[in-house]
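*Asks:* Mind having a look at this structure? Questions to follow.
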Protein chains: 2
Amino acid sequence: MTKHFGEASVKFSNPPSIISAAAIVGPKEGEGPLAAHFDKISDDILFGKDTWEQAESELMRQTIEACVAKSGVQMKDINYIFAGDLLNQNSGSIYGARSFERPFYGLFGACSAMGMAMQLGTMLIDGGFADYTIANASSHFCGAEKTFRFPLELGTQRTPTASWTVTGDGAVLLSSVGEGPYITAATTGAIIDLGQKDVNNMGAAMVPAAADVIVKHFRDLQLAPDHYDIIATGDLGIYGKDLLIQLLQKENLNISDRLTDCGIEIYDAEKQDVHAGGSGCGCSAVVFASYFLKKIKKGEINKMLFVPTGALHSVVTFQQGESIPGIAHAVAIERSI
Amino acid sequence: MTKHFGEASVKFSNPPSIISAAAIVGPKEGEGPLAAHFDKISDDILFGKDTWEQAESELMRQTIEACVAKSGVQMKDINYIFAGDLLNQNSGSIYGARSFERPFYGLFGACSAMGMAMQLGTMLIDGGFADYTIANASSHFCGAEKTFRFPLELGTQRTPTASWTVTGDGAVLLSSVGEGPYITAATTGAIIDLGQKDVNNMGAAMVPAAADVIVKHFRDLQLAPDHYDIIATGDLGIYGKDLLIQLLQKENLNISDRLTDCGIEIYDAEKQDVHAGGSGCGCSAVVFASYFLKKIKKGEINKMLFVPTGALHSVVTFQQGESIPGIAHAVAIERSI
């Protein structure tokens, strides 16, 4: 039985279940509209550690531990951990996962990391290689500012199209058996670069990749947009969301009535002064692993297309005048099959 | 049929074939003992570009293009590209793969990247999700020195246990059909950290992870070391190799008569002044994709265990006093099945 469809999509023969999830965030996310949905809100941005990088690793460790604890599965039974973050050499994930001593794959897809992790974690289960996998993604506002932008101490003014990196970690535990929600299909993104160079407008840099993977998803699987109750992109923000609607209209794909963006959902943009919205690997990960997953379980959403998006630049490539390549990965989640 | 064995291993039900491979290197590697085996030796360390980062991306692009061209498969038929490198935010791989517009997964496992890429590329084929996948890893001496150590212009003296980052890219094209060599099994490493902090002795930092994955491989699959004609670790170097033999002897596993290391093979350590040997994601990738693969095809090696190893630190974690976690992934390659 073929599992590969069209150019970049797969359908699962025995769709894996999301049997557990956890989302832990920092203080600012805890003041936002999704506060009630998170497993834990830390009022300490350092999570009890001395540095921002250690804080992100501790946040990641706590979230995976919480996700596994809620499931009843033992850590020793987790076959693979897939994890991604924004720090140089993935150090958020690596130092966070160190104590688990489980088979580990580090991923880099910038803020699309949760999409990659869920796709690969699901393929390894459906392929017969694993019973339990964890998909995880994290980011930390202070660590990301230090890695990509200016020292926080400078108090640099942010441009209107800039986004705010979420301090948060989202984890899901995927299983070969379970009562759903199920991951039923996935479309893997290609690197798309239309030459956008403004690192303070990452939404615009990621939109072409998001449009590309969404078009491929519907074409490969011969679906119409109304197959899904909701389509949630990763972190395009308010300007990126509008651009995506425009770009897809050129492809005769109208998703505006069911499109939202995790970067828009996580903050109250005006009250919390986040400009374009939230971003960071943790943004789509925590919004999916808390808010959306609860809505699916309650039956408020039956079918969802989750599309984390990533801006794949580095400080060095930016300084060398390079444009910002984007990528996005689409994951289909259904309440029942 | 179960494909998962023991704690961390898989066996493939329809072992994918390596139907093509390519290895391109820089000038120093072209002066070493494996020169005759590489597809191309560039006498220009910049590969015609303006910066070291752009050079690595160009090297990566050329190698994948050469690998696909040799196969007769079209680029549009490649289902997934898996690629890893050492640069911040994987920019070597990302800017290199940008022009291909194929489904892309960026990996970070430091110098274990080729092991991760081959494992995931093989699992997606054996799991029924792909017919063709590419596994790729690259590194560039100058880019790595800039990312992890000192400006080259300083001419900093290197310690005796330091290794020399290979300028090179190795790619293999994996296929659901083919006449071999076959990838038959894999063991995925966990992050292992015994507290080593000397960034100029990465061999020592990676040895515990290499020992751990090798022990698990033989235990999970109930094999003895003489199942393999050769066991080749990633880049432990001369001191690391000795440490690995000692550590495995404590586990009653004697592999010294069939153990070699890609970091030892690639240079003439004395003549080329590389101290402990070669390192970098490209090291194990180019040695496998040229020298070892040719030996397997010729029948000089029938069964090989390939174990790329990675040191998972960053400059920031080092500066914060953190130790260096290691990881290693084992891939079994057999001439015939």
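Quick note on naming: the chains in the structure tokens go A, B, ... in the order shown, residues restart at 1 in each chain, and ligands are numbered from 1 in order of appearance.
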Please superimpose chain A upon chain B, fitting all C-alpha atoms matched one to one in order, and report the result as a CSV table (one decimal) with C-alpha atoms, in the first residue's frame.

*Replies:*
chain,number,residue,atom,x,y,z
A,1,MET,CA,6.6,-7.9,11.7
A,2,THR,CA,8.6,-6.0,14.3
A,3,LYS,CA,11.4,-3.8,13.1
A,4,HIS,CA,12.4,-2.5,16.5
A,5,PHE,CA,14.9,-4.5,18.5
A,6,GLY,CA,16.0,-4.0,22.1
A,7,GLU,CA,16.6,-0.6,23.4
A,8,ALA,CA,17.6,1.5,20.4
A,9,SER,CA,17.9,-0.6,17.2
A,10,VAL,CA,16.0,-1.3,14.1
A,11,LYS,CA,16.3,-3.9,11.3
A,12,PHE,CA,14.9,-3.2,7.9
A,13,SER,CA,12.4,-5.5,6.4
A,14,ASN,CA,13.3,-4.4,2.8
A,15,PRO,CA,16.8,-3.0,3.3
A,16,PRO,CA,17.2,0.1,1.1
A,17,SER,CA,20.1,0.3,-1.3
A,18,ILE,CA,22.8,2.9,-1.6
A,19,ILE,CA,22.5,3.5,-5.4
A,20,SER,CA,24.8,6.5,-5.7
A,21,ALA,CA,27.3,8.5,-3.6
A,22,ALA,CA,29.5,11.5,-4.0
A,23,ALA,CA,32.3,13.1,-2.0
A,24,ILE,CA,33.8,16.5,-2.7
A,25,VAL,CA,36.7,17.9,-0.6
A,26,GLY,CA,39.0,20.8,-0.3
A,27,PRO,CA,42.7,21.2,-1.0
A,28,LYS,CA,44.1,19.7,2.3
A,29,GLU,CA,41.9,16.5,2.0
A,30,GLY,CA,43.1,16.2,-1.6
A,31,GLU,CA,46.7,15.9,-0.3
A,32,GLY,CA,45.8,13.1,2.0
A,33,PRO,CA,45.9,9.3,1.6
A,34,LEU,CA,42.3,9.1,0.3
A,35,ALA,CA,42.8,11.6,-2.6
A,36,ALA,CA,42.2,9.0,-5.3
A,37,HIS,CA,38.8,8.1,-4.0
A,38,PHE,CA,37.1,11.5,-4.0
A,39,ASP,CA,34.8,12.7,-6.8
A,40,LYS,CA,36.4,16.1,-6.9
A,41,ILE,CA,39.1,17.9,-5.1
A,42,SER,CA,38.7,21.7,-5.2
A,43,ASP,CA,42.0,23.6,-5.1
A,44,ASP,CA,40.0,26.7,-4.1
A,45,ILE,CA,39.0,26.6,-0.4
A,46,LEU,CA,36.3,29.2,-1.3
A,47,PHE,CA,34.7,27.1,-4.0
A,48,GLY,CA,34.4,30.2,-6.1
A,49,LYS,CA,32.5,32.1,-3.5
A,50,ASP,CA,33.2,35.1,-1.3
A,51,THR,CA,32.8,33.7,2.2
A,52,TRP,CA,33.5,30.4,4.0
A,53,GLU,CA,29.8,29.9,4.7
A,54,GLN,CA,28.9,30.4,1.1
A,55,ALA,CA,31.7,28.1,0.2
A,56,GLU,CA,30.3,25.3,2.4
A,57,SER,CA,26.9,25.8,0.8
A,58,GLU,CA,28.3,25.6,-2.7
A,59,LEU,CA,30.3,22.5,-1.8
A,60,MET,CA,27.1,20.9,-0.5
A,61,ARG,CA,25.1,21.9,-3.6
A,62,GLN,CA,27.7,20.5,-5.9
A,63,THR,CA,28.0,17.2,-4.0
A,64,ILE,CA,24.3,16.5,-3.9
A,65,GLU,CA,24.1,17.5,-7.6
A,66,ALA,CA,26.9,15.1,-8.4
A,67,CYS,CA,25.4,12.3,-6.4
A,68,VAL,CA,22.0,12.6,-8.1
A,69,ALA,CA,23.6,13.0,-11.6
A,70,LYS,CA,25.6,9.7,-11.2
A,71,SER,CA,22.4,7.8,-10.2
A,72,GLY,CA,20.2,8.5,-13.3
A,73,VAL,CA,17.4,9.5,-10.9
A,74,GLN,CA,16.0,13.0,-11.5
A,75,MET,CA,16.2,15.6,-8.7
A,76,LYS,CA,12.4,16.0,-8.9
A,77,ASP,CA,12.1,12.3,-7.9
A,78,ILE,CA,14.0,12.7,-4.7
A,79,ASN,CA,11.4,12.4,-2.0
A,80,TYR,CA,13.4,13.8,1.0
A,81,ILE,CA,16.7,15.4,1.6
A,82,PHE,CA,18.2,15.0,5.1
A,83,ALA,CA,21.2,17.2,5.8
A,84,GLY,CA,23.3,18.4,8.7
A,85,ASP,CA,26.3,20.6,9.3
A,86,LEU,CA,28.1,22.5,12.1
A,87,LEU,CA,27.3,26.1,11.3
A,88,ASN,CA,24.9,28.1,13.4
A,89,GLN,CA,21.3,27.5,12.3
A,90,ASN,CA,22.5,24.8,9.8
A,91,SER,CA,23.3,27.4,7.2
A,92,GLY,CA,25.7,25.3,5.3
A,93,SER,CA,22.9,22.8,4.5
A,94,ILE,CA,20.1,25.3,4.2
A,95,TYR,CA,21.7,27.7,1.7
A,96,GLY,CA,23.1,24.7,-0.2
A,97,ALA,CA,19.8,22.9,-0.6
A,98,ARG,CA,17.8,26.0,-1.3
A,99,SER,CA,18.0,25.6,-5.1
A,100,PHE,CA,16.7,22.0,-5.1
A,101,GLU,CA,13.2,22.8,-3.9
A,102,ARG,CA,12.8,19.3,-2.6
A,103,PRO,CA,11.2,18.3,0.8
A,104,PHE,CA,13.9,19.1,3.3
A,105,TYR,CA,14.7,18.1,6.9
A,106,GLY,CA,17.6,19.9,8.5
A,107,LEU,CA,19.4,17.9,11.2
A,108,PHE,CA,21.8,18.8,14.0
A,109,GLY,CA,23.9,16.1,15.6
A,110,ALA,CA,27.3,17.8,15.1
A,111,CYS,CA,29.7,15.3,13.5
A,112,SER,CA,27.2,12.5,13.9
A,113,ALA,CA,25.0,14.1,11.2
A,114,MET,CA,25.7,11.6,8.5
A,115,GLY,CA,24.6,8.8,10.8
A,116,MET,CA,21.3,10.5,11.6
A,117,ALA,CA,20.7,11.3,7.9
A,118,MET,CA,21.3,7.8,6.8
A,119,GLN,CA,19.2,6.3,9.6
A,120,LEU,CA,16.2,8.6,8.9
A,121,GLY,CA,16.6,8.4,5.1
A,122,THR,CA,16.5,4.6,5.4
A,123,MET,CA,13.6,4.5,7.8
A,124,LEU,CA,11.4,6.6,5.6
A,125,ILE,CA,12.1,4.3,2.6
A,126,ASP,CA,11.6,1.1,4.6
A,127,GLY,CA,8.5,2.6,6.2
A,128,GLY,CA,6.9,3.1,2.8
A,129,PHE,CA,7.1,6.9,2.7
A,130,ALA,CA,9.7,7.4,0.0
A,131,ASP,CA,11.4,5.7,-2.9
A,132,TYR,CA,14.5,8.0,-2.9
A,133,THR,CA,16.1,9.9,-0.1
A,134,ILE,CA,19.4,11.7,0.1
A,135,ALA,CA,21.6,11.7,3.3
A,136,ASN,CA,24.1,14.4,3.4
A,137,ALA,CA,26.6,16.0,5.8
A,138,SER,CA,29.1,18.8,5.3
A,139,SER,CA,31.8,20.8,7.1
A,140,HIS,CA,34.3,23.5,6.2
A,141,PHE,CA,37.6,24.0,8.1
A,142,CYS,CA,37.5,27.8,8.0
A,143,GLY,CA,33.8,28.1,8.8
A,144,ALA,CA,34.1,25.7,11.7
A,145,GLU,CA,37.2,27.5,13.1
A,146,LYS,CA,35.2,30.8,12.9
A,147,THR,CA,32.1,29.3,14.5
A,148,PHE,CA,33.8,27.4,17.3
A,149,ARG,CA,37.3,28.6,17.9
A,150,PHE,CA,39.5,31.6,17.0
A,151,PRO,CA,39.8,33.8,13.9
A,152,LEU,CA,42.1,32.0,11.5
A,153,GLU,CA,44.1,35.2,11.1
A,154,LEU,CA,45.4,34.9,14.7
A,155,GLY,CA,47.3,31.7,13.9
A,156,THR,CA,46.5,30.2,17.2
A,157,GLN,CA,48.5,27.2,18.2
A,158,ARG,CA,46.5,24.0,18.5
A,159,THR,CA,46.8,21.5,21.3
A,160,PRO,CA,48.0,18.0,20.6
A,161,THR,CA,44.6,16.5,21.1
A,162,ALA,CA,42.9,19.0,18.8
A,163,SER,CA,41.4,17.7,15.5
A,164,TRP,CA,41.3,19.3,12.1
A,165,THR,CA,37.8,20.0,10.6
A,166,VAL,CA,37.5,18.4,7.2
A,167,THR,CA,36.4,20.6,4.3
A,168,GLY,CA,34.2,18.2,2.5
A,169,ASP,CA,30.7,17.0,1.8
A,170,GLY,CA,29.5,13.4,1.5
A,171,ALA,CA,26.2,12.4,0.0
A,172,VAL,CA,24.5,9.1,-0.5
A,173,LEU,CA,21.3,8.4,-2.5
A,174,LEU,CA,19.2,5.7,-0.9
A,175,SER,CA,16.6,3.8,-2.8
A,176,SER,CA,13.8,1.3,-2.2
A,177,VAL,CA,15.1,-0.8,-5.1
A,178,GLY,CA,18.7,-1.5,-6.1
A,179,GLU,CA,21.4,-4.0,-6.1
A,180,GLY,CA,23.1,-2.8,-2.9
A,181,PRO,CA,25.1,-2.2,-0.9
A,182,TYR,CA,22.2,-2.3,1.5
A,183,ILE,CA,21.6,-0.6,4.8
A,184,THR,CA,20.3,-3.4,7.0
A,185,ALA,CA,20.1,-2.1,10.5
A,186,ALA,CA,20.6,1.0,12.7
A,187,THR,CA,21.1,1.9,16.3
A,188,THR,CA,20.2,5.4,17.4
A,189,GLY,CA,22.4,7.1,20.0
A,190,ALA,CA,21.4,8.9,23.2
A,191,ILE,CA,23.1,12.0,24.5
A,192,ILE,CA,25.9,10.8,26.8
A,193,ASP,CA,27.8,13.3,29.0
A,194,LEU,CA,30.5,12.2,31.5
A,195,GLY,CA,31.5,15.7,32.2
A,196,GLN,CA,34.5,16.2,29.8
A,197,LYS,CA,35.0,20.0,29.3
A,198,ASP,CA,38.1,20.2,27.1
A,199,VAL,CA,36.9,21.5,23.6
A,200,ASN,CA,40.3,20.7,22.3
A,201,ASN,CA,39.8,17.0,23.0
A,202,MET,CA,36.5,16.2,21.4
A,203,GLY,CA,37.5,12.6,20.9
A,204,ALA,CA,37.4,12.0,24.6
A,205,ALA,CA,34.0,13.8,24.9
A,206,MET,CA,32.5,11.5,22.2
A,207,VAL,CA,34.0,8.2,23.2
A,208,PRO,CA,31.4,7.4,25.9
A,209,ALA,CA,28.5,7.9,23.4
A,210,ALA,CA,30.3,5.8,20.8
A,211,ALA,CA,30.8,3.0,23.3
A,212,ASP,CA,27.2,3.2,24.4
A,213,VAL,CA,25.8,2.9,20.9
A,214,ILE,CA,28.2,0.1,19.9
A,215,VAL,CA,27.3,-1.9,23.0
A,216,LYS,CA,23.6,-1.4,22.4
A,217,HIS,CA,24.0,-2.4,18.7
A,218,PHE,CA,25.5,-5.7,19.5
A,219,ARG,CA,23.2,-6.4,22.5
A,220,ASP,CA,20.0,-5.3,20.8
A,221,LEU,CA,20.7,-7.3,17.6
A,222,GLN,CA,22.4,-10.2,19.4
A,223,LEU,CA,25.5,-10.0,17.3
A,224,ALA,CA,29.2,-10.5,18.0
A,225,PRO,CA,31.9,-8.1,16.8
A,226,ASP,CA,33.1,-10.6,14.1
A,227,HIS,CA,29.7,-10.1,12.3
A,228,TYR,CA,31.4,-7.1,10.8
A,229,ASP,CA,34.6,-7.0,8.7
A,230,ILE,CA,35.1,-3.4,9.9
A,231,ILE,CA,33.8,-1.0,12.4
A,232,ALA,CA,34.5,2.7,11.5
A,233,THR,CA,33.7,5.4,14.0
A,234,GLY,CA,33.1,9.0,13.0
A,235,ASP,CA,35.9,11.2,14.2
A,236,LEU,CA,37.3,10.1,17.5
A,237,GLY,CA,40.9,10.6,16.2
A,238,ILE,CA,43.9,8.7,17.4
A,239,TYR,CA,43.5,9.3,21.2
A,240,GLY,CA,39.7,8.8,21.0
A,241,LYS,CA,40.2,5.5,19.3
A,242,ASP,CA,42.4,4.1,22.0
A,243,LEU,CA,39.9,5.3,24.7
A,244,LEU,CA,37.1,3.6,22.9
A,245,ILE,CA,39.0,0.3,22.8
A,246,GLN,CA,39.6,0.6,26.6
A,247,LEU,CA,36.0,1.5,27.4
A,248,LEU,CA,34.6,-1.4,25.4
A,249,GLN,CA,37.0,-3.8,27.0
A,250,LYS,CA,35.3,-3.0,30.3
A,251,GLU,CA,32.1,-4.1,28.7
A,252,ASN,CA,33.8,-7.3,27.5
A,253,LEU,CA,33.6,-6.2,23.9
A,254,ASN,CA,36.8,-6.5,22.0
A,255,ILE,CA,36.7,-4.7,18.6
A,256,SER,CA,40.3,-3.6,18.4
A,257,ASP,CA,41.1,-5.9,15.5
A,258,ARG,CA,38.5,-4.4,13.2
A,259,LEU,CA,38.1,-0.8,14.5
A,260,THR,CA,39.2,2.2,12.5
A,261,ASP,CA,38.2,5.8,12.6
A,262,CYS,CA,37.3,8.1,9.7
A,263,GLY,CA,39.3,10.9,11.4
A,264,ILE,CA,42.4,8.7,11.3
A,265,GLU,CA,41.9,7.5,7.7
A,266,ILE,CA,41.4,10.9,6.0
A,267,TYR,CA,44.8,12.5,6.7
A,268,ASP,CA,48.3,11.5,7.1
A,269,ALA,CA,48.5,12.8,10.7
A,270,GLU,CA,52.2,13.3,10.8
A,271,LYS,CA,52.9,14.7,7.4
A,272,GLN,CA,49.7,16.9,7.4
A,273,ASP,CA,50.1,18.2,10.9
A,274,VAL,CA,46.5,17.5,11.9
A,275,HIS,CA,47.3,16.3,15.5
A,276,ALA,CA,44.5,13.9,16.6
A,277,GLY,CA,43.0,13.6,13.1
A,278,GLY,CA,40.1,14.8,11.1
A,279,SER,CA,36.7,15.9,12.4
A,280,GLY,CA,33.6,17.7,11.3
A,281,CYS,CA,30.3,16.4,9.8
A,282,GLY,CA,32.0,16.1,6.4
A,283,CYS,CA,34.8,13.8,7.8
A,284,SER,CA,32.8,10.6,8.3
A,285,ALA,CA,30.5,11.5,5.4
A,286,VAL,CA,33.3,11.8,2.7
A,287,VAL,CA,35.3,8.8,4.0
A,288,PHE,CA,32.2,6.6,3.9
A,289,ALA,CA,30.8,8.0,0.6
A,290,SER,CA,34.1,7.4,-1.2
A,291,TYR,CA,36.7,5.1,0.4
A,292,PHE,CA,34.6,2.7,2.3
A,293,LEU,CA,31.7,2.5,-0.2
A,294,LYS,CA,34.2,1.6,-2.9
A,295,LYS,CA,35.7,-1.1,-0.7
A,296,ILE,CA,32.2,-2.6,-0.1
A,297,LYS,CA,31.3,-2.6,-3.8
A,298,LYS,CA,34.6,-4.3,-4.6
A,299,GLY,CA,34.0,-7.0,-2.0
A,300,GLU,CA,37.0,-6.0,0.1
A,301,ILE,CA,34.5,-5.3,2.9
A,302,ASN,CA,31.3,-7.4,3.1
A,303,LYS,CA,29.8,-6.1,6.3
A,304,MET,CA,30.5,-2.7,7.9
A,305,LEU,CA,29.3,-0.9,11.0
A,306,PHE,CA,29.6,2.9,10.4
A,307,VAL,CA,29.4,5.0,13.6
A,308,PRO,CA,29.6,8.8,13.1
A,309,THR,CA,30.1,10.6,16.4
A,310,GLY,CA,29.3,14.1,17.4
A,311,ALA,CA,30.3,16.6,20.2
A,312,LEU,CA,27.2,18.6,20.9
A,313,HIS,CA,28.6,21.8,22.5
A,314,SER,CA,28.4,25.3,21.4
A,315,VAL,CA,30.6,28.3,22.0
A,316,VAL,CA,28.0,29.7,24.4
A,317,THR,CA,27.6,26.5,26.5
A,318,PHE,CA,31.4,26.2,26.6
A,319,GLN,CA,31.7,29.8,27.8
A,320,GLN,CA,29.1,29.1,30.5
A,321,GLY,CA,31.3,26.2,31.9
A,322,GLU,CA,29.1,23.4,30.5
A,323,SER,CA,30.6,20.0,29.7
A,324,ILE,CA,30.4,18.5,26.2
A,325,PRO,CA,27.7,16.0,25.6
A,326,GLY,CA,28.4,13.4,22.9
A,327,ILE,CA,26.2,11.3,20.6
A,328,ALA,CA,26.9,8.6,18.1
A,329,HIS,CA,24.7,6.7,15.6
A,330,ALA,CA,25.4,3.2,14.2
A,331,VAL,CA,24.5,2.2,10.7
A,332,ALA,CA,25.0,-1.4,9.4
A,333,ILE,CA,25.9,-1.7,5.7
A,334,GLU,CA,26.1,-5.0,3.9
A,335,ARG,CA,27.3,-5.8,0.4
A,336,SER,CA,24.6,-8.4,-0.3
A,337,ILE,CA,21.5,-9.7,1.5

*Asks:* According to DSSP computed on the backbone, where in segment 297-333 of chain A is there helix (DSSP H, G or I)? Give the residues as JSON, numbers by chain.

*Replies:* {"A": [297, 298, 315, 316, 317, 318, 319]}

*Asks:* As a PyMOL selection string, please: every residue in segment 93-321 of chain B that a backbone DSSP assignment puts in strand (DSSP E or B).

*Replies:* chain B and resi 103-107+132-139+164-165+168-175+182-187+190+192+230-233+259-261+278-279+303-307+309-311
